[in-house]
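Data first, discussion second: the structure below is written as structure tokens.
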There are 4 protein chains.
Amino acid sequence: MPRSVRVGMIGYQFMGRAHSHAYHDVARFFPLDVEPEKAVICGRDRAGVEAARERLGWQESETDWRRVVERDDVDLIDVCTPNNRHAEIAIAAAEHGKHVLCEKPLAMNLAEARSMLQAVERAGVVNMICHNYRFAPAVQLAKQLVSQGQLGTIYHFRAQYLQDWIMDPEFPVVWRLQKAVSGSGAHGDLSAHIIDLARFLVGEFESVSGMLHTFIKERPVPGSAEGAWGATGQSGGSRGLVDVDDAALFLARFRSGALGTFEATRFAGGNRNGNRFEINGSKGSIRWDLENMNNLEVYFHSDPEGLQGFRTINCTEAVHPYAAAWWPPAHIIGYEHTFVHLVSELMNGIASGRSPEPNFADGVANQAVLDAVIASSESGQWVQV
Amino acid sequence: MPRSVRVGMIGYQFMGRAHSHAYHDVARFFPLDVEPEKAVICGRDRAGVEAARERLGWQESETDWRRVVERDDVDLIDVCTPNNRHAEIAIAAAEHGKHVLCEKPLAMNLAEARSMLQAVERAGVVNMICHNYRFAPAVQLAKQLVSQGQLGTIYHFRAQYLQDWIMDPEFPVVWRLQKAVSGSGAHGDLSAHIIDLARFLVGEFESVSGMLHTFIKERPVPGSAEGAWGATGQSGGSRGLVDVDDAALFLARFRSGALGTFEATRFAGGNRNGNRFEINGSKGSIRWDLENMNNLEVYFHSDPEGLQGFRTINCTEAVHPYAAAWWPPAHIIGYEHTFVHLVSELMNGIASGRSPEPNFADGVANQAVLDAVIASSESGQWVQV
Amino acid sequence: MPRSVRVGMIGYQFMGRAHSHAYHDVARFFPLDVEPEKAVICGRDRAGVEAARERLGWQESETDWRRVVERDDVDLIDVCTPNNRHAEIAIAAAEHGKHVLCEKPLAMNLAEARSMLQAVERAGVVNMICHNYRFAPAVQLAKQLVSQGQLGTIYHFRAQYLQDWIMDPEFPVVWRLQKAVSGSGAHGDLSAHIIDLARFLVGEFESVSGMLHTFIKERPVPGSAEGAWGATGQSGGSRGLVDVDDAALFLARFRSGALGTFEATRFAGGNRNGNRFEINGSKGSIRWDLENMNNLEVYFHSDPEGLQGFRTINCTEAVHPYAAAWWPPAHIIGYEHTFVHLVSELMNGIASGRSPEPNFADGVANQAVLDAVIASSESGQWVQV
Amino acid sequence: MPRSVRVGMIGYQFMGRAHSHAYHDVARFFPLDVEPEKAVICGRDRAGVEAARERLGWQESETDWRRVVERDDVDLIDVCTPNNRHAEIAIAAAEHGKHVLCEKPLAMNLAEARSMLQAVERAGVVNMICHNYRFAPAVQLAKQLVSQGQLGTIYHFRAQYLQDWIMDPEFPVVWRLQKAVSGSGAHGDLSAHIIDLARFLVGEFESVSGMLHTFIKERPVPGSAEGAWGATGQSGGSRGLVDVDDAALFLARFRSGALGTFEATRFAGGNRNGNRFEINGSKGSIRWDLENMNNLEVYFHSDPEGLQGFRTINCTEAVHPYAAAWWPPAHIIGYEHTFVHLVSELMNGIASGRSPEPNFADGVANQAVLDAVIASSESGQWVQV
């Protein structure tokens with residue numbers, strides 16, 4: 001009988017739902033030494049969090065995150081709040097000896113991220129940052145191909161994370177559009193993901209040159225709080241300033257000598273969730289697109305002349321990472337499975353006492369790139385990471 | 001607090017796993033008046049079923065399906081066995097007043113299917129057949145478009161269900177390749193699905209002309225039992241006859257005047273799970289492919305001249321059937337979600353006392369087409385359905 | 001200085017334009033021992049044919065095909081007329097010792113086709129039938145893969161030729177919709193192409209079972225002649241009977257044991273020119289689509305486990321058939337290039353005195369399949385080819 | 001009878017072949033007031049140019065471009081040489097009153113480009129730069145959609161031109177890899193194209209920030225001259241320096257407020273000719289890929305909710321720009337047709353005395369962007385265009 005890891009989750013909106021599902025399903029598909037138990041869910045709105053508790057299947061609900069962090073019967077704190085609460089909660093959790101899973105981006109800035117890393121290291125707790133896309137089987141296969149040298153020397157990494165959900169000028173200034181709450185806009189939300197994929201697949205950044213831009217600078221203030229942590233206290237009808245970026249673009253040099261292009265935007269109509277990358281190496285290339293996340297396109301230059309081309313691999317076979325846990329070949333999996341895979345690693349990490357990647361150290365490295373791009377956008381110059 | 005529906009599931013292999021997941025997750029995503037409770041899982045192999053019970057999260061395990069059917073504390077019998085047990089179990093379940101969910105194809109032949117329908121009708125129990133692909137949001141959108149007349153008069157339905165998992169001649173004679181257990185091969189397994197989609201989207205069949213073919217007529221006998229219901233008792237080393245079809249092809253006329261082409265095969269290399277259809281109507285066309293199941297391709301002839309083309313709709317938006325229960329747009333869902341949707345309908349059916357479609361009447365209609373194709377293959381002539 | 005082959009072309013509509021282009025360009029891209037010279041273009045309408053002569057760059061125009069066939073200074077007769085004139089003209093051409101290129105389908109029926117074959121054989125003239133799609137580099141690569149055994153034993157050939165140009169019920173009864181002129185509808189026009197591809201790639205047919213269907217049985221009579229050979233003499237305003245098929249569907253058995261599905265229709269909205277096939281063999285599979293005619297999708301079962309998938313080969317590299325004559329890789333070619341390739345083979349055939357494939361013998365074999373499908377459609381039974 | 005424009009073409013390699021084809025075919029497909037006549041082809045190698053003359057169908061050959069420019073019986077000079085000869089030849093041609101078509105990039109640098117523009121303006125001759133990709137029907141449709149406001153305010157333009165033909169380190173230092181001959185590498189060759197598409201579709205650039213990079217800095221010296229204008233005089237066996245970029249990446253701001261990302265490389269394995277762009281506007285988006293050049297993908301935000309998605313338009317219908325001249329819908333055209341379209345415009349320009357776009361003024365504007373990116377790459381800062 002596996003030992004259980006009692007989870008206290010702070011936040012219950014989109015990410016809260018995705019994480020809850022992962023805790024709910026992981027032991028049904030992955031053999032684990034320790035299994036998560038959905039102990040406490042926490043949000044500031046009493047009625048909201050209680051409804052979430054019932055719907056998402058948690059044992060208890062709570063409105064003050066401090067009380068959750070202080071409980072003796074909680075082993076793991078899962079931080080699903082808006083970005084401006086990550087540091088405070090994660091540090092408190094670590095200080096109380098809790099393992100910590102934190103949503104991305106790790107923090108509001110590099111200094112904050114470093115203090116979080118210090119806290120978990122000092123406390124010796126297991127920590128992870130929730131860059132779930134690493135855990136798509138196709139991305140894991142990409143990693144294998146790169147690590148095994150099957151792509152050779154990497155020349156190019158180009159990534160785009162294209163969305164379109166705030167193109168309507170009447171879409172309100174939700175928390176993700178407020179710098180004080182989110183730190184940045186598309187950059188922290190979307191660039192963070194493709195930076196993580198780049199670090200995972202190509203390695204560390206050396207320098208960046210970028211620009212952040214806001215297309216629509218004023219928007220309606222939401223009439224009521226958008227979610228537990230998005231409340232602004234402002235009344236409806238008025239208009240508020242958008243002080244975060246709508247789009248973030250940057251070029252990069254990697255330490256390996258590879259070149260990178262990165263583009264994150266919420267103004268790419270028709271691209272609902274277009275997280276895409278392509279890697280070109282001396283021996284081959286790969287392409288991935290989150291909207292078709294089960295597939296990896298692979299090109300090998302060693303294929304016979306006249307028979308070279310990108311092949312589409314549906315990464316759902318028993319031989320593919322994580323895939324054996326699910327269904328027969330080409331019975332595809334979806335978005336939330338990436339969280340299940342991540343949580344399975346987190347549980348294994350807790351069982352063994354090691355922090356699986358990506359952890360807070362990765363969060364710090366990621367934040368360093370995010371901040372360097374912002375600095376470059378302000379100075380108009382290349383910035384060392 | 002929703003009333004619970006206690007489930008007894010017979011079989012625990014592939015379909016047992018998929019159904020278990022649906023029972024496990026459905027109430028986390030869909031508000032239900034009644035919620036499934038994973039009461040008893042049943043298989044003939046004691047150790048196997050007990051391992052499945054623990055892994056899949058059922059309360060009790062059982063080795064004799066009759067004892068499950070007879071229990072007072074079970075409300076719903078879920079038949080996930082090989083095909084030759086469907087009728088016996090489903091009829092017994094109905095006679096004990098249990099609601100019944102049965103895997104497809106409903107039966108070994110039309111007579112058996114009819115007796116099953118009689119049994120559930122006589123008992124007045126809620127019944128469904130598990131044609132899960134109807135419940136992909138993209139297929140539901142297709143249904144809406146057809147029903148609303150947006151495709152106009154339907155001229156063509158062409159469907160293929162292409163797999164490749166038994167192409168290796170050394171793949172053994174598992175139960176799906178034994179007529180006594182499965183009734184037919186690719187036909188009952190795969191044609192049944194595309195016939196259901198055709199009936200759902202285009203309506204009833206009038207006549208068919210088809211052929212069944214077996215490419216590899218002898219295969220190794222499996223050394224040990226393949227799953228709870230696949231045991232053959234035969235020792236390894238010897239070779240056994242394949243007496244089911246490897247491929248089933250047929251043409252069809254629908255009552256509406258539409259024409260159909262159907263092809264099911266397990267010998268289409270590179271097509272792991274290629275369940276595809278295209279419908280052409282006087283006003284538009286649609287295409288779907290299970291391997292990309294979130295997408296529906298739609299063509300409207302009324303689009304402005306010069307701007308006509310198939311558009312790819314990622315059916316993951318709140319406005320799409322079932323999609324609001326899951327994630328934001330283009331955060332795709334997977335294969336098993338179709339079962340969750342189906343089970344949500346089944347629960348609503350049980351709550352209201354009506355059998356949702358597809359039910360045993362659909363199973364009978366489906367079996368009538370399956371049998372007509374077999375008759376046509378034998379006679380070399382067109383057969384009325 | 002290459003010897004020139006003086007061409008007399010009968011017909012100047014769509015096919016006349018495509019053939020003219022091929023004669024115009026072939027020597028600019030392919031080194032030839034004999035080069036075509038656009039000597040005489042022939043059509044019944046004086047003004048029309050003269051305009052065509054000037055636009056398409058022919059030396060002389062003529063209104064009576066007999067005079068063209070009788071000229072001493074013409075070496076090759078190219079038959080681009082509607083189908084009901086093919087036999088008469090081709091036989092006369094052969095009797096006058098001319099080489100003959102004939103559009104497809106070869107004839108109105110098998111008997112006619114055989115008499116044409118007899119005529120060219122008796123006369124010993126070089127002959128070809130214009131199945132141009134064989135000459136797409138991707139189709140030639142497909143042929144190489146099949147011939148070299150890289151796909152292994154062929155199990156399935158499935159082909160569709162989907163168009164949508166007569167879906168509007170007010171589209172008039174042009175010659176292609178009149179049995180007396182065209183012999184059949186989608187069948188002779190489109191099935192003929194996919195039958196040729198099947199014969200080229202998989203070999204000879206053994207038996208077929210099919211159906212022909214007409215969705216719209218009455219249409220407006222064209223007010224004026226549609227093209228040189230489409231004149232009906234009927235006045236506008238009235239409606240005429242459509243006595244050819246709108247769609248033709250059939251199943252087939254090949255002599256090799258492979259199974260085939262074929263569908264040709266002019267009622268598949270959004271499919272402007274969807275000539276597609278897929279071949280599945282024991283070692284691999286290939287797919288082709290005319291609308292993306294430069295690409296061949298290839299699957300090899302021998303690719304390493306976990307790295308198997310269809311690869312997209314852009315058949316524009318120097319190593320691909322005919323491609324070296326054109327542009328660098330991925331600078332794609334178009335529809336009319338298939339005619340240039342075919343004419344290059346015809347010229348080589350004339351230079352060497354041999355009839356390249358596909359020739360009139362292929363036309364006869366093709367017609368035998370066409371006729372067998374019609375017979376099957378009438379009898380409702382399988383018909384031996 | 002149309003007046004003829006006698007062409008003198010300098011250079012006979014890849015571009016010489018493509019232009020020759022366009023002159024050869026244009027009047028067969030487009031009604032023109034003036035028609036090109038392939039008068040003189042010029043190259044420095046006597047045997048080479050004479051072979052080209054015969055193969056490409058020119059009346060005379062010549063080895064000294066000055067003699068061609070001075071001929072009274074030549075109306076149009078077509079400059080297909082390597083980049084370092086463009087200015088000299090084009091200016092001399094203008095001074096002799098010849099119309100000029102010049103390959104891209106217009107010049108070695110902005111100063112040279114301006115002197116060329118001055119020369120043609122002073123002489124009052126018709127001039128064009130050969131940015132042929134503007135003339136793909138799909139790109140023309142894109143232009144229409146943008147111009148008509150169907151995409152709304154443009155937010156993003158992202159373009160990549162990815163090739164892979166020099167990835168092999170043993171590929172020699174041909175003229176395109178020598179700065180003295182080509183000016184730059186991937187930048188002038190490939191960036192020039194996507195800059196032109198950006199200017200055509202989105203308008204003028206305001207500022208850029210970029211980097212140029214050379215992955216392989218030393219390569220074998222070609223043993224013999226590579227083409228008429230690529231001769232280096234160096235003996236084989238030794239290795240030479242690559243002093244041009246292998247890849248050029250840059251970000252851009254457009255005057256309209258749109259943002260741009262640009263990437264050109266010859267090191268993107270598997271991308272043979274991947275010239276792609278996507279435009280996102282407030283009302284819609286479009287995508288294009290040269291490897292599938294007949295298609296335009298279009299997304300309209302005004303499509304009904306739930307039915308929104310990119311539609312694939314095969315731009316081969318009579319209503320599409322230039323398409324009526326060719327074949328029926330979905331009978332696709334190829335790479336070289338873009339040159340035919342461009343030459344048809346050039347002929348119309350000569351007939352009317354106006355220089356069609358893109359002309360030398362466009363070449364200057366393009367060169368200004370190219371140079372600004374180089375300056376930015378050197379300074380590490382944003383540069384105003």
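We name chains A, B, ... following the order of the structure tokens; residues begin at 1 in each chain, and ligands are numbered from 1 as shown.
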
For chain B, list the residues within 10 Å of chain A, counting only C-alpha atoms, and write the list as a PDB file with C-alpha atoms, in the first residue's frame.
ATOM      1  CA  MET B   1     -25.497  15.166  -2.886  1.00  0.00           C
ATOM      2  CA  PHE B  14      -8.456  -2.489 -22.637  1.00  0.00           C
ATOM      3  CA  MET B  15     -12.119  -1.541 -22.502  1.00  0.00           C
ATOM      4  CA  ARG B  17      -9.503   0.299 -18.286  1.00  0.00           C
ATOM      5  CA  ALA B  18     -11.170   2.887 -20.488  1.00  0.00           C
ATOM      6  CA  SER B  20     -12.947   2.591 -15.315  1.00  0.00           C
ATOM      7  CA  HIS B  21     -11.337   5.896 -16.138  1.00  0.00           C
ATOM      8  CA  HIS B  24     -13.434   7.728 -12.108  1.00  0.00           C
ATOM      9  CA  ASP B  25     -13.451  11.129 -13.781  1.00  0.00           C
ATOM     10  CA  ALA B  27     -18.235  13.599 -11.881  1.00  0.00           C
ATOM     11  CA  ARG B  28     -15.095  15.706 -11.623  1.00  0.00           C
ATOM     12  CA  PHE B  29     -15.965  17.380 -14.916  1.00  0.00           C
ATOM     13  CA  PHE B  30     -19.683  17.005 -15.483  1.00  0.00           C
ATOM     14  CA  PRO B  31     -22.437  18.008 -13.037  1.00  0.00           C
ATOM     15  CA  ALA B  52      -6.941  -4.645 -11.867  1.00  0.00           C
ATOM     16  CA  GLU B  54      -6.392  -2.119  -7.114  1.00  0.00           C
ATOM     17  CA  ARG B  55      -4.915  -0.361 -10.106  1.00  0.00           C
ATOM     18  CA  LEU B  56      -8.229   0.848 -11.482  1.00  0.00           C
ATOM     19  CA  GLY B  57      -9.684   1.717  -8.098  1.00  0.00           C
ATOM     20  CA  GLN B 163      -5.182  -0.233 -38.369  1.00  0.00           C
ATOM     21  CA  ASP B 164      -1.980  -2.245 -38.652  1.00  0.00           C
ATOM     22  CA  TRP B 165      -1.481  -4.148 -35.411  1.00  0.00           C
ATOM     23  CA  GLY B 270       1.383   3.185 -40.712  1.00  0.00           C
ATOM     24  CA  ASN B 271      -2.288   3.679 -39.904  1.00  0.00           C
ATOM     25  CA  ARG B 272      -2.326   2.911 -36.232  1.00  0.00           C
ATOM     26  CA  ASN B 273      -5.883   4.028 -35.583  1.00  0.00           C
ATOM     27  CA  GLY B 274      -7.094   5.713 -38.747  1.00  0.00           C
ATOM     28  CA  LEU B 290      -9.685   9.951 -35.100  1.00  0.00           C
ATOM     29  CA  GLU B 291      -5.912  10.372 -35.001  1.00  0.00           C
ATOM     30  CA  ASN B 292      -6.602  14.121 -34.945  1.00  0.00           C
ATOM     31  CA  MET B 293      -9.885  13.737 -33.157  1.00  0.00           C
ATOM     32  CA  ASN B 294     -10.198  17.290 -31.840  1.00  0.00           C
ATOM     33  CA  ASN B 295     -10.404  18.708 -35.346  1.00  0.00           C
ATOM     34  CA  ILE B 313     -11.993  23.677 -36.526  1.00  0.00           C
ATOM     35  CA  ASN B 314     -10.379  22.699 -33.268  1.00  0.00           C
ATOM     36  CA  THR B 316     -12.250  22.613 -27.953  1.00  0.00           C
ATOM     37  CA  GLU B 317     -14.139  25.843 -27.427  1.00  0.00           C
ATOM     38  CA  TRP B 326     -12.592  20.647 -20.022  1.00  0.00           C
ATOM     39  CA  TRP B 327      -9.920  23.227 -20.827  1.00  0.00           C
ATOM     40  CA  PRO B 328      -9.530  26.502 -22.682  1.00  0.00           C
ATOM     41  CA  PRO B 329      -9.553  26.471 -26.499  1.00  0.00           C
ATOM     42  CA  ALA B 330      -6.988  24.279 -28.225  1.00  0.00           C
ATOM     43  CA  HIS B 331      -5.946  22.558 -25.028  1.00  0.00           C
ATOM     44  CA  ILE B 332      -6.878  19.279 -26.624  1.00  0.00           C
ATOM     45  CA  ILE B 333      -8.577  16.249 -25.148  1.00  0.00           C
ATOM     46  CA  GLY B 334      -7.796  12.621 -25.891  1.00  0.00           C
ATOM     47  CA  TYR B 335      -9.251   9.252 -26.688  1.00  0.00           C
ATOM     48  CA  GLU B 336     -10.592   8.397 -23.243  1.00  0.00           C
ATOM     49  CA  HIS B 337     -12.627  11.583 -22.979  1.00  0.00           C
TER      50      HIS B 337
END

(message) Just want the 12 Å neighbourhood of Val5 in chain B, counted on only C-alpha atoms, with same-chain residues fewer than 2 positions away dropped. Output as a ChimeraX atom specification.
(response) /B:2-3,7-8,23,27,32-40,73-78,98-100,343-344,346-351

(request) Per DSSP on the backbone, filter range 96-216 of chain A down to the residues in strand (DSSP E or B) and report them as a list in words. (result) His99, Val100, Leu101, Cys102, Asn127, Met128, Ile129, Ile154, Tyr155, His156, Phe157, Arg158, Ala159, Gln160, Tyr161, Leu162, Phe205, Glu206, Ser207, Val208, Ser209, Gly210, Met211, Leu212 and His213 of chain A

Once you have the residues from the selection above, write them out as a CSV table (one decimal), in the first residue's frame, restricted to C-alpha atoms.
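Okay, this is what ended up in selection_2.csv:
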chain,number,residue,atom,x,y,z
A,99,HIS,CA,7.5,20.1,-0.5
A,100,VAL,CA,6.5,22.7,-3.1
A,101,LEU,CA,5.1,22.6,-6.6
A,102,CYS,CA,4.8,26.0,-8.1
A,127,ASN,CA,10.5,21.3,-5.4
A,128,MET,CA,9.2,21.5,-8.9
A,129,ILE,CA,8.0,24.2,-11.3
A,154,ILE,CA,22.1,22.2,-33.0
A,155,TYR,CA,22.0,25.2,-35.2
A,156,HIS,CA,18.6,26.7,-34.7
A,157,PHE,CA,15.8,26.7,-32.2
A,158,ARG,CA,12.7,28.7,-33.2
A,159,ALA,CA,9.6,28.8,-31.1
A,160,GLN,CA,6.3,30.6,-31.1
A,161,TYR,CA,3.6,30.6,-28.6
A,162,LEU,CA,0.7,32.2,-30.3
A,205,PHE,CA,21.0,30.9,-23.0
A,206,GLU,CA,24.0,33.2,-23.5
A,207,SER,CA,22.4,36.5,-24.6
A,208,VAL,CA,19.1,37.9,-25.9
A,209,SER,CA,17.8,40.9,-27.8
A,210,GLY,CA,14.1,41.5,-27.6
A,211,MET,CA,11.1,43.8,-27.5
A,212,LEU,CA,7.8,43.8,-25.6
A,213,HIS,CA,4.8,45.5,-27.0

Write down as a short mmCIF file (atom, residue, chain, number, x, y, z; two decimals) with N, CA and C atoms, in the first residue's frame the residues of range 106-275 of chain D whose backbone DSSP state falls under alpha helix (DSSP H).
data_model
loop_
_atom_site.label_atom_id
_atom_site.label_comp_id
_atom_site.auth_asym_id
_atom_site.auth_seq_id
_atom_site.Cartn_x
_atom_site.Cartn_y
_atom_site.Cartn_z
N LEU D 110 23.23 49.75 -50.23
CA LEU D 110 22.23 50.77 -50.48
C LEU D 110 22.72 51.85 -51.46
N ALA D 111 23.97 52.24 -51.31
CA ALA D 111 24.49 53.29 -52.19
C ALA D 111 24.42 52.84 -53.65
N GLU D 112 24.84 51.62 -53.87
CA GLU D 112 24.80 51.07 -55.23
C GLU D 112 23.36 51.02 -55.75
N ALA D 113 22.48 50.58 -54.87
CA ALA D 113 21.07 50.47 -55.26
C ALA D 113 20.52 51.83 -55.66
N ARG D 114 20.88 52.84 -54.89
CA ARG D 114 20.38 54.19 -55.22
C ARG D 114 20.92 54.69 -56.55
N SER D 115 22.16 54.37 -56.82
CA SER D 115 22.71 54.82 -58.11
C SER D 115 21.99 54.13 -59.27
N MET D 116 21.58 52.91 -59.04
CA MET D 116 20.83 52.19 -60.08
C MET D 116 19.46 52.83 -60.29
N LEU D 117 18.82 53.16 -59.18
CA LEU D 117 17.51 53.80 -59.30
C LEU D 117 17.64 55.14 -60.02
N GLN D 118 18.66 55.92 -59.64
CA GLN D 118 18.91 57.18 -60.33
C GLN D 118 19.05 56.97 -61.84
N ALA D 119 19.81 55.95 -62.19
CA ALA D 119 20.08 55.71 -63.61
C ALA D 119 18.80 55.40 -64.39
N VAL D 120 17.97 54.55 -63.86
CA VAL D 120 16.74 54.21 -64.61
C VAL D 120 15.76 55.38 -64.62
N GLU D 121 15.77 56.14 -63.53
CA GLU D 121 14.86 57.30 -63.50
C GLU D 121 15.34 58.36 -64.48
N ARG D 122 16.64 58.61 -64.48
CA ARG D 122 17.19 59.59 -65.40
C ARG D 122 16.90 59.18 -66.86
N ALA D 123 17.06 57.90 -67.12
CA ALA D 123 16.86 57.42 -68.49
C ALA D 123 15.39 57.26 -68.85
N PRO D 137 -0.26 33.35 -57.11
CA PRO D 137 -1.67 33.75 -56.91
C PRO D 137 -2.06 33.83 -55.44
N ALA D 138 -1.55 32.94 -54.63
CA ALA D 138 -1.91 32.96 -53.21
C ALA D 138 -1.38 34.22 -52.53
N VAL D 139 -0.21 34.66 -52.93
CA VAL D 139 0.33 35.89 -52.35
C VAL D 139 -0.47 37.10 -52.84
N GLN D 140 -0.88 37.05 -54.08
CA GLN D 140 -1.72 38.13 -54.59
C GLN D 140 -3.08 38.17 -53.87
N LEU D 141 -3.61 37.00 -53.58
CA LEU D 141 -4.86 36.97 -52.81
C LEU D 141 -4.63 37.53 -51.42
N ALA D 142 -3.50 37.19 -50.83
CA ALA D 142 -3.15 37.76 -49.52
C ALA D 142 -3.15 39.28 -49.60
N LYS D 143 -2.55 39.79 -50.64
CA LYS D 143 -2.49 41.25 -50.82
C LYS D 143 -3.89 41.84 -50.91
N GLN D 144 -4.75 41.19 -51.67
CA GLN D 144 -6.14 41.68 -51.79
C GLN D 144 -6.82 41.73 -50.42
N LEU D 145 -6.65 40.65 -49.65
CA LEU D 145 -7.31 40.58 -48.34
C LEU D 145 -6.80 41.69 -47.43
N VAL D 146 -5.50 41.91 -47.44
CA VAL D 146 -4.94 42.98 -46.61
C VAL D 146 -5.45 44.33 -47.11
N SER D 147 -5.39 44.56 -48.39
CA SER D 147 -5.77 45.87 -48.95
C SER D 147 -7.23 46.18 -48.72
N LYS D 179 31.66 37.09 -50.22
CA LYS D 179 31.12 38.43 -50.00
C LYS D 179 31.41 39.36 -51.18
N ALA D 180 32.57 39.22 -51.75
CA ALA D 180 32.94 40.12 -52.85
C ALA D 180 32.02 39.94 -54.06
N VAL D 181 31.44 38.77 -54.18
CA VAL D 181 30.57 38.50 -55.33
C VAL D 181 29.09 38.65 -54.98
N SER D 182 28.75 38.20 -53.77
CA SER D 182 27.31 38.15 -53.44
C SER D 182 26.88 39.24 -52.45
N ALA D 186 22.85 34.17 -46.77
CA ALA D 186 21.41 33.92 -46.68
C ALA D 186 20.65 35.25 -46.66
N ALA D 192 16.07 38.95 -48.45
CA ALA D 192 15.57 39.90 -49.46
C ALA D 192 14.15 39.52 -49.90
N HIS D 193 13.91 38.24 -50.05
CA HIS D 193 12.59 37.78 -50.48
C HIS D 193 11.52 38.06 -49.43
N ILE D 194 11.82 37.73 -48.19
CA ILE D 194 10.77 37.88 -47.18
C ILE D 194 10.61 39.35 -46.79
N ILE D 195 11.66 40.14 -46.94
CA ILE D 195 11.51 41.59 -46.76
C ILE D 195 10.57 42.13 -47.84
N ASP D 196 10.74 41.65 -49.06
CA ASP D 196 9.86 42.13 -50.12
C ASP D 196 8.41 41.75 -49.86
N LEU D 197 8.21 40.52 -49.41
CA LEU D 197 6.83 40.10 -49.11
C LEU D 197 6.26 40.95 -47.97
N ALA D 198 7.08 41.26 -46.99
CA ALA D 198 6.62 42.09 -45.87
C ALA D 198 6.25 43.49 -46.37
N ARG D 199 7.10 44.08 -47.18
CA ARG D 199 6.81 45.42 -47.70
C ARG D 199 5.54 45.39 -48.56
N PHE D 200 5.40 44.37 -49.35
CA PHE D 200 4.25 44.23 -50.23
C PHE D 200 2.96 44.13 -49.42
N LEU D 201 3.03 43.38 -48.33
CA LEU D 201 1.80 43.03 -47.61
C LEU D 201 1.54 43.90 -46.39
#

(request) May I have the residues within 12 Å of Glu62 in chain A as a list in words, using only C-alpha atoms and disregarding those fewer than 6 positions away in the same chain? (result) Gly8, Met9, Ile10, Gly11, Tyr12, Ala39, Val40, Ile41, Cys42, Gly43, Arg44, Asp45, Arg46, Ala47, Gly48, Val49, Glu50, Ala51, Ala52, Arg53, Val68, Val69 and Arg71 of chain A

(message) So that I can check the surroundings of range 242-245 of chain A, please list as an MDAnalysis selection string every protein, DNA and RNA residue that reaches within 12 Å of it, counting only C-alpha atoms and ignoring chain neighbours fewer than 3 positions away.
(response) chainID A and resid 166 169 171:191 211:221 239 248:249 264:267 374 377

(message) Can you measure CA of Leu342 in chain C to CA of Ser4 in chain C for me? One decimal in Å is fine.
(response)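 Spanning CA of Leu342 in chain C to CA of Ser4 in chain C is a straight-line distance of 16.9 Å.
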
(request) Enter the distance from CA of Ala87 in chain C to CA of Arg66 in chain C, in Å, rounded to one decimal. (result)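 Pair CA of Ala87 in chain C / CA of Arg66 in chain C returns 13.1 Å.
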